[in-house]
Amino acid sequence: MNSSRNHGSAWGRSLTHTLLVSVAVLWLIPALGLFVASFRTAADTNRSGWWTALTPPYSFTLANYQFVLERDNIWTSFMNSLYITIPATVLVTMVAGFAAYAFAWMDFPGRNALFLVMVGLLVVPLQVTLIPVLGLFRGTPLAGSFLAVWLAHTGDGPPFAIYLLRNYLGGLPGSVMEAAKIDGASHAQVYFRLILPMSVPALAALVIFQFLWVWNDMLIAMVFLGPVPGNHPLPVTLANLVTNFGGGWQFVTAAAFVSMLVPLVVFFGLQRFFVHGVTAGSVKG
């Protein structure tokens with residue numbers, strides 16, 4: 001009986017692993033095609049599919065990467081992306097952490113109703129907020145500044161961030177909180193000394209989500225920074241590599257992999273917390 005049960009369990013795990021590997025391969029195929037295309041000329045890519053480049057005779061070139069890396073504004077845009085992404089990620093994480101703690105462990109009138117409203121904001125499209133917020137910034141020193149972009153992301157990111165963190169914080173052991181209150185700890189002491197150390201997986205997952213979202217964002221940057229090229233982050237600069245008639249698209253393939261370096265470092269640096277943080281935050285609360 002136990003032998004058949006173990007056999008069935010092993011078969012189920014093998015099937016699950018096979019499905020997961022298959023899905024991962026399907027997701028990697030477009031990325032592989034983009035990577036191969038980044039080492040080919042436009043004429044070669046137009047003449048044949050990317051998979052033909054993997055068989056002799058090989059005709060790879062570094063010209064696309066050379067063109068991208070030698071552009072004067074590429075490194076300025078790279079630094080602009082860091083200036084935008086790091087503060088926007090920190091601000092959203094801080095605001096969401098404080099709010100999630102309040103929703104999870106503080107009693108105040110209308111707590112549940114307010115949390116439902118916050119969750120409901122997840123369905124509000126970002127685009128409908130652009131014109132009203134831009135109208136608030138117009139005519140002020142915020143217009144066209146990095147601060148305007150930080151504030152825009154800080155206003156847009158909390159609904160999902162609070163939802164993720166609140167569910168995680170709500171699953172933390174209540175006995176620890178009760179013991180801290182008996183010892184006379186304030187909410188600030190409980191949050192900084194207990195909640196934060198125990199919430200590292202959820203915070204890491206949130207940082208990954210928020211960092212990737214802001215780093216790849218082009219719409220908010222274009223709307224709130226305006227047409228000044230010196231302020232543009234990488235996504236805007238990469239989009240401008242393509243001419244009005246669609247020329248220069250082969251350079252975007254190389255530029256895409258240049259822009260992926262920082263997000264990959266962030267993801268692999270925090271990925272050991274990622275799965276635990278996301279799964280715990282999705283089922284607890």
# chains A, B, ... in the order shown; residues from 1 in each chain; ligands from 1
$ select_by_dssp --residues "segment 113-184 of chain A" --states "helix (DSSP H, G or I)" --output "PyMOL selection string"
chain A and resi 113-123+127-137+146-156+158-170+174-182
$ atom_distance --atom1 "atom CA of Asn73 of chain A" --atom2 "atom CA of Asn231 of chain A"
9.9 Å
$ residues_around --residues "segment 44-47 of chain A" --least-positions-apart "2" --cutoff "12 Å" --atoms "only C-alpha atoms" --output "ChimeraX atom specification"
/A:33-34,36-42,49-53,58-61,249-250,253
$ closest_residue --among "A:Ser186, A:Ser145, A:Ser259, A:Ser199" --to "Asn167 of chain A" --atoms "only C-alpha atoms"
A:Ser199
